[in-house]
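Data block for query-v9.txt (compact mmCIF, C-alpha atoms and all ligand atoms):
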# COMPACT_ATOMS: atom_id res chain seq x y z
CA MET G 1 -13.22 8.85 -10.08
CA SER G 2 -13.97 12.06 -8.26
CA VAL G 3 -14.11 11.64 -4.51
CA ALA G 4 -15.30 14.12 -1.94
CA THR G 5 -15.43 12.53 1.46
CA GLY G 6 -16.03 13.52 5.00
CA PHE G 7 -12.99 12.36 6.91
CA GLN G 8 -12.60 11.33 10.48
CA ALA G 9 -9.31 9.70 11.45
CA GLY G 10 -10.17 7.15 14.11
CA SER G 11 -6.91 6.83 16.02
CA TYR G 12 -5.05 9.72 14.47
CA GLY G 13 -1.96 10.36 16.56
CA GLY G 14 -0.12 12.92 14.49
CA VAL G 15 1.13 16.35 15.35
CA GLY G 16 -1.09 19.23 14.26
CA PRO G 17 -4.74 19.38 13.34
CA GLN G 18 -6.66 16.23 12.61
CA PRO G 19 -6.95 15.57 8.87
CA GLN G 20 -10.19 16.73 7.37
CA ALA G 21 -12.25 16.02 4.33
CA PRO G 22 -9.85 15.74 1.40
CA ALA G 23 -11.55 16.06 -1.96
CA VAL G 24 -9.71 14.23 -4.70
CA PRO G 25 -10.70 15.30 -8.15
CA GLY G 26 -9.93 13.04 -11.05
CA HIS G 27 -8.35 10.12 -9.21
CA ALA G 28 -7.69 7.63 -11.97
CA GLY G 29 -9.39 4.28 -12.15
CA ARG G 30 -12.44 2.67 -10.64
CA ARG G 31 -12.68 1.08 -7.24
CA GLY G 32 -13.04 -2.65 -7.70
CA GLU G 33 -10.99 -3.01 -10.88
CA THR G 34 -8.00 -5.34 -10.70
CA VAL G 35 -4.72 -3.46 -10.33
CA VAL G 36 -2.36 -6.29 -9.36
CA GLU G 37 -2.61 -9.83 -10.62
CA ALA G 38 -0.33 -12.83 -10.20
CA ARG G 39 -0.84 -15.88 -12.38
CA GLY G 40 0.89 -19.12 -11.41
CA LEU G 41 3.82 -17.27 -9.86
CA THR G 42 6.76 -19.54 -9.08
CA ARG G 43 10.18 -18.45 -7.85
CA VAL G 44 12.93 -21.01 -7.46
CA TYR G 45 16.28 -20.10 -5.97
CA GLY G 46 19.39 -22.24 -6.48
CA SER G 47 19.50 -25.69 -7.99
CA GLY G 48 20.06 -29.32 -7.06
CA GLU G 49 20.17 -29.96 -3.34
CA ALA G 50 20.36 -26.23 -2.64
CA GLN G 51 17.14 -25.54 -4.54
CA VAL G 52 14.47 -23.55 -2.68
CA ILE G 53 10.96 -23.11 -4.06
CA ALA G 54 10.21 -19.71 -2.50
CA LEU G 55 6.93 -19.29 -4.40
CA ASP G 56 4.91 -22.21 -5.69
CA GLU G 57 2.29 -21.31 -8.32
CA VAL G 58 0.76 -18.38 -6.49
CA SER G 59 -2.25 -16.73 -8.13
CA LEU G 60 -4.06 -13.72 -6.74
CA ALA G 61 -5.84 -10.55 -7.79
CA VAL G 62 -5.90 -7.27 -5.86
CA GLN G 63 -8.63 -4.74 -6.56
CA ARG G 64 -8.33 -0.97 -6.48
CA GLY G 65 -8.86 0.45 -3.01
CA GLN G 66 -7.89 -2.73 -1.17
CA PHE G 67 -5.42 -2.65 1.71
CA VAL G 68 -3.86 -6.11 1.64
CA ALA G 69 -1.64 -7.71 4.28
CA ILE G 70 0.68 -10.54 3.30
CA MET G 71 1.47 -12.65 6.34
CA GLY G 72 3.25 -15.92 7.10
CA ALA G 73 6.10 -17.45 9.04
CA SER G 74 9.69 -16.47 8.38
CA GLY G 75 10.77 -18.03 5.08
CA SER G 76 7.20 -18.56 3.83
CA GLY G 77 7.84 -16.38 0.77
CA LYS G 78 6.32 -13.00 1.74
CA SER G 79 9.22 -10.83 0.56
CA THR G 80 9.71 -12.91 -2.56
CA LEU G 81 6.04 -12.45 -3.43
CA LEU G 82 6.18 -8.69 -2.79
CA HIS G 83 9.37 -8.33 -4.83
CA CYS G 84 7.93 -10.32 -7.75
CA LEU G 85 4.66 -8.35 -7.69
CA ALA G 86 6.63 -5.08 -7.64
CA GLY G 87 8.97 -6.06 -10.47
CA LEU G 88 12.00 -6.04 -8.16
CA ASP G 89 12.55 -9.77 -8.72
CA ALA G 90 11.75 -11.92 -11.73
CA PRO G 91 9.67 -15.06 -11.22
CA THR G 92 10.95 -18.37 -12.55
CA GLN G 93 7.47 -19.00 -13.99
CA GLY G 94 4.18 -17.21 -14.17
CA GLN G 95 3.05 -13.65 -14.83
CA VAL G 96 2.50 -10.43 -12.92
CA LEU G 97 0.12 -7.82 -14.29
CA ILE G 98 0.03 -4.26 -13.00
CA ALA G 99 -3.04 -2.35 -14.17
CA GLY G 100 -3.45 -4.99 -16.86
CA ARG G 101 0.12 -4.81 -18.17
CA ASP G 102 2.30 -7.92 -18.01
CA ILE G 103 5.46 -6.73 -16.26
CA THR G 104 7.14 -10.12 -16.56
CA ALA G 105 7.30 -9.61 -20.32
CA MET G 106 8.83 -6.13 -20.08
CA ARG G 107 12.37 -5.11 -20.92
CA ASP G 108 14.41 -3.48 -18.14
CA GLN G 109 13.85 0.10 -19.30
CA GLU G 110 10.11 -0.37 -19.66
CA LEU G 111 9.92 -2.00 -16.24
CA THR G 112 11.96 0.80 -14.66
CA THR G 113 9.58 3.37 -16.13
CA LEU G 114 6.54 1.44 -14.96
CA ARG G 115 7.98 1.13 -11.42
CA ARG G 116 8.64 4.87 -11.38
CA ASP G 117 5.26 5.91 -12.76
CA GLN G 118 2.87 3.25 -11.48
CA LEU G 119 4.30 1.92 -8.22
CA GLY G 120 5.03 3.38 -4.82
CA PHE G 121 7.32 1.82 -2.24
CA VAL G 122 7.50 2.11 1.55
CA PHE G 123 10.19 0.25 3.44
CA GLN G 124 11.01 -0.30 7.10
CA SER G 125 13.78 2.29 6.85
CA PHE G 126 12.24 5.55 5.73
CA ASN G 127 14.91 6.32 3.11
CA LEU G 128 14.38 10.08 3.21
CA LEU G 129 17.09 12.42 1.98
CA PRO G 130 18.37 14.24 5.08
CA THR G 131 19.21 17.55 3.37
CA LEU G 132 15.75 17.98 1.83
CA SER G 133 12.63 19.23 3.60
CA ALA G 134 9.64 16.94 4.02
CA GLU G 135 7.97 18.66 1.09
CA GLU G 136 11.03 18.31 -1.13
CA ASN G 137 11.31 14.63 -0.19
CA ILE G 138 7.65 14.07 -1.05
CA LEU G 139 7.98 15.79 -4.44
CA LEU G 140 11.34 14.25 -5.36
CA PRO G 141 9.95 11.33 -7.43
CA LEU G 142 7.97 13.77 -9.57
CA ARG G 143 11.00 16.00 -10.01
CA LEU G 144 13.07 13.02 -11.13
CA ALA G 145 10.33 12.04 -13.59
CA HIS G 146 10.00 15.68 -14.80
CA ARG G 147 6.33 15.60 -13.82
CA LYS G 148 4.41 18.53 -12.39
CA PRO G 149 2.71 17.93 -9.06
CA ASP G 150 -1.06 17.90 -8.96
CA THR G 151 -1.84 20.44 -6.25
CA ASP G 152 -5.18 18.95 -5.26
CA TRP G 153 -3.71 15.48 -4.96
CA TYR G 154 -0.70 16.78 -3.02
CA ASN G 155 -3.00 18.59 -0.61
CA ALA G 156 -5.22 15.56 -0.16
CA VAL G 157 -2.25 13.30 0.55
CA VAL G 158 -0.55 15.55 3.12
CA THR G 159 -3.91 16.21 4.75
CA VAL G 160 -4.81 12.55 5.08
CA LEU G 161 -1.33 11.86 6.44
CA GLY G 162 -1.59 14.75 8.92
CA ILE G 163 1.75 16.31 7.97
CA GLU G 164 0.58 19.66 6.59
CA ASN G 165 2.40 21.58 9.29
CA ARG G 166 5.68 19.60 9.08
CA LEU G 167 6.39 20.17 5.41
CA GLU G 168 9.20 22.68 5.89
CA HIS G 169 11.03 20.46 8.35
CA ARG G 170 13.97 18.23 7.57
CA PRO G 171 13.77 14.51 8.46
CA SER G 172 16.02 15.01 11.52
CA GLU G 173 13.40 17.42 12.91
CA LEU G 174 10.61 14.85 12.61
CA SER G 175 9.66 11.87 14.77
CA GLY G 176 10.00 8.37 13.34
CA GLY G 177 6.27 8.21 12.76
CA GLN G 178 6.25 11.55 10.98
CA GLN G 179 9.22 10.50 8.84
CA GLN G 180 7.41 7.35 7.81
CA ARG G 181 4.30 9.38 6.93
CA VAL G 182 6.49 11.60 4.74
CA ALA G 183 7.79 8.40 3.10
CA VAL G 184 4.19 7.27 2.54
CA ALA G 185 3.34 10.68 1.02
CA ARG G 186 6.35 10.31 -1.30
CA ALA G 187 5.06 6.87 -2.32
CA LEU G 188 1.58 8.27 -3.00
CA ILE G 189 2.48 11.51 -4.74
CA GLY G 190 2.72 10.03 -8.23
CA ARG G 191 -0.77 8.52 -7.84
CA PRO G 192 0.60 5.01 -8.28
CA ALA G 193 -1.60 2.09 -9.23
CA VAL G 194 -0.38 0.37 -6.07
CA VAL G 195 1.88 1.01 -3.09
CA PHE G 196 4.04 -1.89 -1.92
CA ALA G 197 5.03 -1.69 1.74
CA ASP G 198 7.54 -4.04 3.36
CA GLU G 199 7.16 -4.04 7.16
CA PRO G 200 6.48 -0.26 7.13
CA THR G 201 5.96 -0.14 10.89
CA GLY G 202 9.03 -2.23 11.73
CA ALA G 203 11.03 0.75 13.03
CA LEU G 204 8.12 2.51 14.79
CA ASP G 205 6.83 2.41 18.34
CA THR G 206 3.33 1.12 19.05
CA ALA G 207 1.54 4.48 18.90
CA SER G 208 3.32 5.59 15.73
CA SER G 209 2.61 2.21 14.13
CA ALA G 210 -1.09 2.50 14.91
CA ALA G 211 -1.22 6.04 13.52
CA LEU G 212 0.61 5.06 10.34
CA LEU G 213 -1.59 2.02 9.73
CA ASP G 214 -4.63 4.16 10.32
CA VAL G 215 -3.60 6.64 7.64
CA LEU G 216 -2.66 3.84 5.23
CA ALA G 217 -6.17 2.47 5.69
CA GLN G 218 -7.59 5.95 5.21
CA THR G 219 -5.68 6.45 1.96
CA CYS G 220 -7.33 3.31 0.63
CA GLN G 221 -10.78 4.33 1.79
CA THR G 222 -10.77 8.04 1.04
CA LEU G 223 -8.31 8.27 -1.84
CA GLY G 224 -9.03 4.91 -3.48
CA GLN G 225 -5.36 3.93 -3.11
CA THR G 226 -4.32 0.27 -3.28
CA VAL G 227 -1.73 -0.92 -0.76
CA VAL G 228 -0.05 -4.33 -0.50
CA MET G 229 1.89 -4.70 2.75
CA VAL G 230 4.10 -7.46 4.14
CA THR G 231 3.84 -7.69 7.90
CA HIS G 232 4.56 -10.08 10.75
CA ASP G 233 2.26 -8.18 13.06
CA PRO G 234 -1.32 -9.48 13.47
CA GLU G 235 -2.44 -6.10 14.82
CA ALA G 236 -1.10 -4.40 11.72
CA ALA G 237 -2.81 -6.97 9.51
CA ALA G 238 -6.09 -6.38 11.37
CA THR G 239 -6.14 -2.77 10.13
CA THR G 240 -6.22 -3.95 6.51
CA SER G 241 -9.18 -4.99 4.39
CA ARG G 242 -7.75 -8.36 3.36
CA ILE G 243 -5.20 -10.82 4.75
CA ILE G 244 -3.31 -13.29 2.55
CA ARG G 245 -1.36 -15.96 4.45
CA LEU G 246 1.55 -17.85 2.95
CA ALA G 247 3.19 -21.11 4.00
CA ASP G 248 6.00 -22.77 2.05
CA GLY G 249 5.48 -20.46 -0.89
CA ARG G 250 1.75 -21.13 -1.25
CA ILE G 251 -1.32 -19.16 -0.29
CA THR G 252 -3.01 -21.04 2.51
CA GLN G 253 -5.66 -18.47 3.40
CA ASP G 254 -7.11 -15.35 1.81
CA GLN G 255 -9.69 -13.51 3.86
CA ALA G 256 -11.46 -10.19 3.71
CA VAL G 257 -11.48 -8.28 6.99
CA GLU G 258 -14.75 -6.75 8.00
CA ARG G 259 -14.69 -4.18 10.73
CA ARG G 260 -17.93 -3.39 12.51
CA SER G 261 -17.94 -1.71 15.89
CA GLY G 262 -14.35 -2.73 16.45
CA ALA G 263 -15.00 -6.39 15.58
CA HIS G 264 -13.37 -8.29 12.72
CA ALA G 265 -14.89 -11.10 10.75
CA ALA G 266 -13.33 -13.33 8.12
CA SER G 267 -15.06 -13.65 4.80
CA ALA G 268 -14.88 -15.20 1.36
CA PRO G 269 -11.79 -15.26 -0.87
CA ALA G 270 -11.20 -12.49 -3.34
CA PRO G 271 -11.72 -13.37 -7.00
CA GLY G 272 -8.72 -14.79 -8.83
CA THR G 273 -7.06 -16.25 -5.76
CA ASN G 274 -6.07 -19.90 -5.50
CA ALA G 275 -6.62 -20.20 -1.77
CA PRO G 276 -9.24 -21.44 0.65
CA ALA G 277 -11.08 -18.97 2.86
CA ALA G 278 -13.50 -19.11 5.73
CA PRO G 279 -17.00 -19.89 4.46
CA GLY G 280 -20.24 -18.05 5.00
CA THR G 281 -19.21 -14.40 4.95
CA GLN G 282 -19.28 -11.56 2.45
CA ALA G 283 -16.72 -11.00 -0.30
CA GLN G 284 -17.62 -7.33 -0.62
CA ALA G 285 -16.08 -6.71 2.78
CA ALA G 286 -12.78 -6.62 0.91
CA GLN G 287 -13.99 -3.50 -0.84
CA ASP G 288 -15.02 -1.55 2.21
CA PRO G 289 -13.94 -2.47 5.72
CA GLY G 290 -16.39 0.12 7.05
CA ARG G 291 -14.04 2.33 9.02
CA GLN G 292 -14.79 5.80 10.25
CA VAL G 293 -15.18 7.55 6.96
CA ARG G 294 -18.40 9.40 6.35
CA ALA G 295 -20.25 9.15 3.08
CA ALA G 296 -19.06 10.92 -0.05
CA ALA G 297 -20.41 14.39 -0.82
CA SER G 298 -20.76 15.25 2.85
CA PRO G 299 -20.79 18.93 3.85
CA GLY G 300 -17.25 18.47 5.21
CA GLY G 301 -16.04 17.19 1.86
CA ALA G 302 -17.60 20.09 0.02
CA SER G 303 -15.94 22.63 2.29
CA TRP G 304 -12.42 21.28 1.88
CA ARG G 305 -10.14 23.22 -0.46
CA PRO G 306 -6.46 23.12 -1.40
CA ARG G 307 -4.20 24.97 1.00
CA HIS G 308 -0.76 24.19 -0.45
CA ALA G 309 0.58 25.47 -3.72
CA ALA G 310 2.52 22.37 -4.72
CA GLY G 311 2.17 23.27 -8.38
CA SER G 312 4.45 26.24 -7.85
CA LEU G 313 7.23 24.19 -6.31
N1 LIG V 401 18.34 -14.80 -2.92
C1 LIG V 401 17.98 -15.97 -2.39
N2 LIG V 401 18.71 -17.08 -2.60
C2 LIG V 401 18.34 -18.27 -2.10
N3 LIG V 401 17.24 -18.46 -1.33
C3 LIG V 401 16.48 -17.40 -1.08
C4 LIG V 401 16.81 -16.10 -1.58
N4 LIG V 401 15.85 -15.24 -1.16
C5 LIG V 401 14.98 -15.94 -0.43
N5 LIG V 401 15.35 -17.25 -0.38
C6 LIG V 401 14.65 -18.34 0.28
O1 LIG V 401 13.30 -18.32 -0.18
C7 LIG V 401 12.42 -18.60 0.89
C8 LIG V 401 11.44 -17.45 1.04
O2 LIG V 401 12.16 -16.30 1.46
P1 LIG V 401 11.45 -14.91 1.77
O3 LIG V 401 12.51 -13.94 2.11
O4 LIG V 401 10.54 -14.60 0.66
O5 LIG V 401 10.58 -15.28 3.05
P2 LIG V 401 9.84 -14.30 4.06
O6 LIG V 401 8.53 -14.94 4.33
O7 LIG V 401 9.83 -12.93 3.52
O8 LIG V 401 10.77 -14.41 5.34
P3 LIG V 401 11.04 -13.33 6.50
O9 LIG V 401 9.74 -13.15 7.20
O10 LIG V 401 12.07 -14.01 7.36
O11 LIG V 401 11.57 -12.09 5.85
C9 LIG V 401 13.28 -18.82 2.13
O12 LIG V 401 13.49 -20.21 2.28
C10 LIG V 401 14.57 -18.12 1.78
O13 LIG V 401 15.66 -18.70 2.43

As structure tokens, how would this structure be written, given the file I've shared?
Amino acid sequence: MSVATGFQAGSYGGVGPQPQAPAVPGHAGRRGETVVEARGLTRVYGSGEAQVIALDEVSLAVQRGQFVAIMGASGSGKSTLLHCLAGLDAPTQGQVLIAGRDITAMRDQELTTLRRDQLGFVFQSFNLLPTLSAEENILLPLRLAHRKPDTDWYNAVVTVLGIENRLEHRPSELSGGQQQRVAVARALIGRPAVVFADEPTGALDTASSAALLDVLAQTCQTLGQTVVMVTHDPEAAATTSRIIRLADGRITQDQAVERRSGAHAASAPAPGTNAPAAPGTQAQAAQDPGRQVRAAASPGGASWRPRHAAGSL
């Protein structure tokens, strides 16, 4: 899919110029296709009296371009679900498919390669290498995979994240919010099928959290990225396009989030999910939460051009 969008970051709080109009040639895949699927996912820890059913036959499907929040009380199974979806933990029963490939049937080496090439990760702790610049941190996964960076994609990512003028800085010279945006850029740089984020705003102040969530939402809307995020924070979840709630290892609610003039409305469940949802609203809201992104092929999109020579790095 070739995307050329006008771009207007609603609550952008970054240092430097506001991101503008990234054009993303050749972004793989179509918006709306299923990129993550869980089928009857069960994860049991321990045995006998110590047995815990952390996940209990969870089924769901996440479509390309969705920004999904996984919520629920402590111990409800959020992290277990994220880890199973991301191939970091093996379910006791059931299947996980990433871009149509069953990762639960993969050998370790194949799974490691898939995680490296198809998945991005963002954690509460930024996990940046202190001796490398922001740019070197962002490009590190590609270097390790012996892949050449795609300059247009690199430019689009750093522009959306608003870190174009911090690329030469080391992590210690960046704010927490900027460091986390570098970590998000690193997660996005390999054009993963999906980014898994575990409490990505947990170490950030309120303003930095809002800015980071805003750019995560923008990456989904303007770059067609898919993000699945565990969060305790209802405000964070409200920035997403879909909220999945867990209780005792089961999905109890799965709602699309529609944002119109600052208001949110719940809607129907996404396809492939074994959960109830509020009736009477529109499923397509999961595809497009209607944030401040102007239509494709706007004059702003056409005028944007690469400014960084990542290919030469
Ligand atoms: N390695 C493990 N061994 C035994 N039990 C575990 C293990 N990991 C998780 N559990 C149990 O599985 C259940 C789900 O845990 P999980 O960490 O997925 O919940 P969570 O919703 O992410 O919680 P929190 O919000 O506190 O991080 C809990 O009862 C937890 O105690």

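Computed from the coordinates, the CA of Ala238 in chain G to CA of Ala134 in chain G distance equals 29.1 Å.
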
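In this structure, CA of Ile103 in chain G sits 11.8 Å away from CA of Arg39 in chain G.
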
Calculate how many Å separate atom O8 of ligand LIG 401 (chain V) from CA of Ala256 in chain G, rounding to one decimal. 22.7 Å

Counting all atoms listed in the file, which protein, DNA or RNA residues come within 10 Å of ligand LIG 401 (chain V), given as a PDB file with C-alpha atoms, keeping the file's coordinate frame?
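Result saved to part-v8.pdb:
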ATOM      1  CA  ARG G  43      10.180 -18.450  -7.850  1.00  0.00           C
ATOM      2  CA  VAL G  44      12.930 -21.010  -7.460  1.00  0.00           C
ATOM      3  CA  TYR G  45      16.280 -20.100  -5.970  1.00  0.00           C
ATOM      4  CA  GLY G  46      19.390 -22.240  -6.480  1.00  0.00           C
ATOM      5  CA  SER G  47      19.500 -25.690  -7.990  1.00  0.00           C
ATOM      6  CA  ALA G  50      20.360 -26.230  -2.640  1.00  0.00           C
ATOM      7  CA  GLN G  51      17.140 -25.540  -4.540  1.00  0.00           C
ATOM      8  CA  VAL G  52      14.470 -23.550  -2.680  1.00  0.00           C
ATOM      9  CA  ILE G  53      10.960 -23.110  -4.060  1.00  0.00           C
ATOM     10  CA  ALA G  54      10.210 -19.710  -2.500  1.00  0.00           C
ATOM     11  CA  LEU G  55       6.930 -19.290  -4.400  1.00  0.00           C
ATOM     12  CA  ILE G  70       0.680 -10.540   3.300  1.00  0.00           C
ATOM     13  CA  MET G  71       1.470 -12.650   6.340  1.00  0.00           C
ATOM     14  CA  GLY G  72       3.250 -15.920   7.100  1.00  0.00           C
ATOM     15  CA  ALA G  73       6.100 -17.450   9.040  1.00  0.00           C
ATOM     16  CA  SER G  74       9.690 -16.470   8.380  1.00  0.00           C
ATOM     17  CA  GLY G  75      10.770 -18.030   5.080  1.00  0.00           C
ATOM     18  CA  SER G  76       7.200 -18.560   3.830  1.00  0.00           C
ATOM     19  CA  GLY G  77       7.840 -16.380   0.770  1.00  0.00           C
ATOM     20  CA  LYS G  78       6.320 -13.000   1.740  1.00  0.00           C
ATOM     21  CA  SER G  79       9.220 -10.830   0.560  1.00  0.00           C
ATOM     22  CA  THR G  80       9.710 -12.910  -2.560  1.00  0.00           C
ATOM     23  CA  LEU G  81       6.040 -12.450  -3.430  1.00  0.00           C
ATOM     24  CA  LEU G  82       6.180  -8.690  -2.790  1.00  0.00           C
ATOM     25  CA  HIS G  83       9.370  -8.330  -4.830  1.00  0.00           C
ATOM     26  CA  CYS G  84       7.930 -10.320  -7.750  1.00  0.00           C
ATOM     27  CA  ASP G  89      12.550  -9.770  -8.720  1.00  0.00           C
ATOM     28  CA  ASP G 198       7.540  -4.040   3.360  1.00  0.00           C
ATOM     29  CA  GLU G 199       7.160  -4.040   7.160  1.00  0.00           C
ATOM     30  CA  VAL G 230       4.100  -7.460   4.140  1.00  0.00           C
ATOM     31  CA  THR G 231       3.840  -7.690   7.900  1.00  0.00           C
ATOM     32  CA  HIS G 232       4.560 -10.080  10.750  1.00  0.00           C
ATOM     33  CA  ARG G 245      -1.360 -15.960   4.450  1.00  0.00           C
ATOM     34  CA  LEU G 246       1.550 -17.850   2.950  1.00  0.00           C
ATOM     35  CA  ALA G 247       3.190 -21.110   4.000  1.00  0.00           C
ATOM     36  CA  ASP G 248       6.000 -22.770   2.050  1.00  0.00           C
ATOM     37  CA  GLY G 249       5.480 -20.460  -0.890  1.00  0.00           C
TER      38      GLY G 249
END

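You can rank G:His169, G:Arg186, G:His146, G:Arg107 by their closest distance to Phe123 in chain G using only C-alpha atoms, and at the top of that list sits G:Arg186.
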
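Nearest residue to Glu37 in chain G, choosing from G:Thr131, G:Thr92, G:Thr104, G:Gln109 and counting all atoms listed in the file: G:Thr104.
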
Using only C-alpha atoms, pick whichever of G:Val194, G:Leu139, G:Lys148, G:Ala69 has the shortest atom-to-atom distance to Leu114 in chain G. G:Val194

For Gln118 in chain G, list every protein, DNA or RNA residue within 12 Å, evaluated using only C-alpha atoms, and leave out those in the same chain fewer than 4 positions away; present the list as number ranges by chain. G: 28, 35-36, 86-87, 97-101, 103, 110-114, 141-142, 145, 187-196, 225-226

Write out as lines of an AutoDock Vina configuration file an axis-aligned box for range 35-49 of chain G: all of its atoms listed in the file, 4 Å added on each side, centre and edge lengths in Å with one decimal.
center_x = 7.7
center_y = -16.7
center_z = -7.9
size_x = 32.9
size_y = 34.5
size_z = 17.0

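Checking G:Gly32, G:Asp117, G:Gln255, G:Glu168 one by one against Arg147 in chain G, counting only C-alpha atoms, you find the shortest gap at G:Asp117.
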
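Shortest atom-to-atom contact with Ala203 in chain G among G:Asn165, G:Thr240, G:Gln124, G:Thr252: G:Gln124, counting all atoms listed in the file.
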
Distance query Ser125 in chain G at most 9 Å, only C-alpha atoms, self and fewer than 6 positions along chain excluded, as a ChimeraX atom specification: /G:180,200,202-203

Could you give me, as a list of chain:residue names, the residues within 8 Å of range 216-219 of chain G, counting only C-alpha atoms and dropping anything in the same chain fewer than 2 positions from it? G:Ala9, G:Phe67, G:Val157, G:Val160, G:Leu212, G:Leu213, G:Asp214, G:Gln221, G:Thr222, G:Leu223, G:Gly224, G:Gln225, G:Val227, G:Thr239, G:Thr240, G:Val293

Name the closest residue to Arg64 in chain G among the candidates G:Val228, G:Ala90, G:Ile243, G:Ala236; distances are taken between atoms, counting all atoms listed in the file. G:Val228
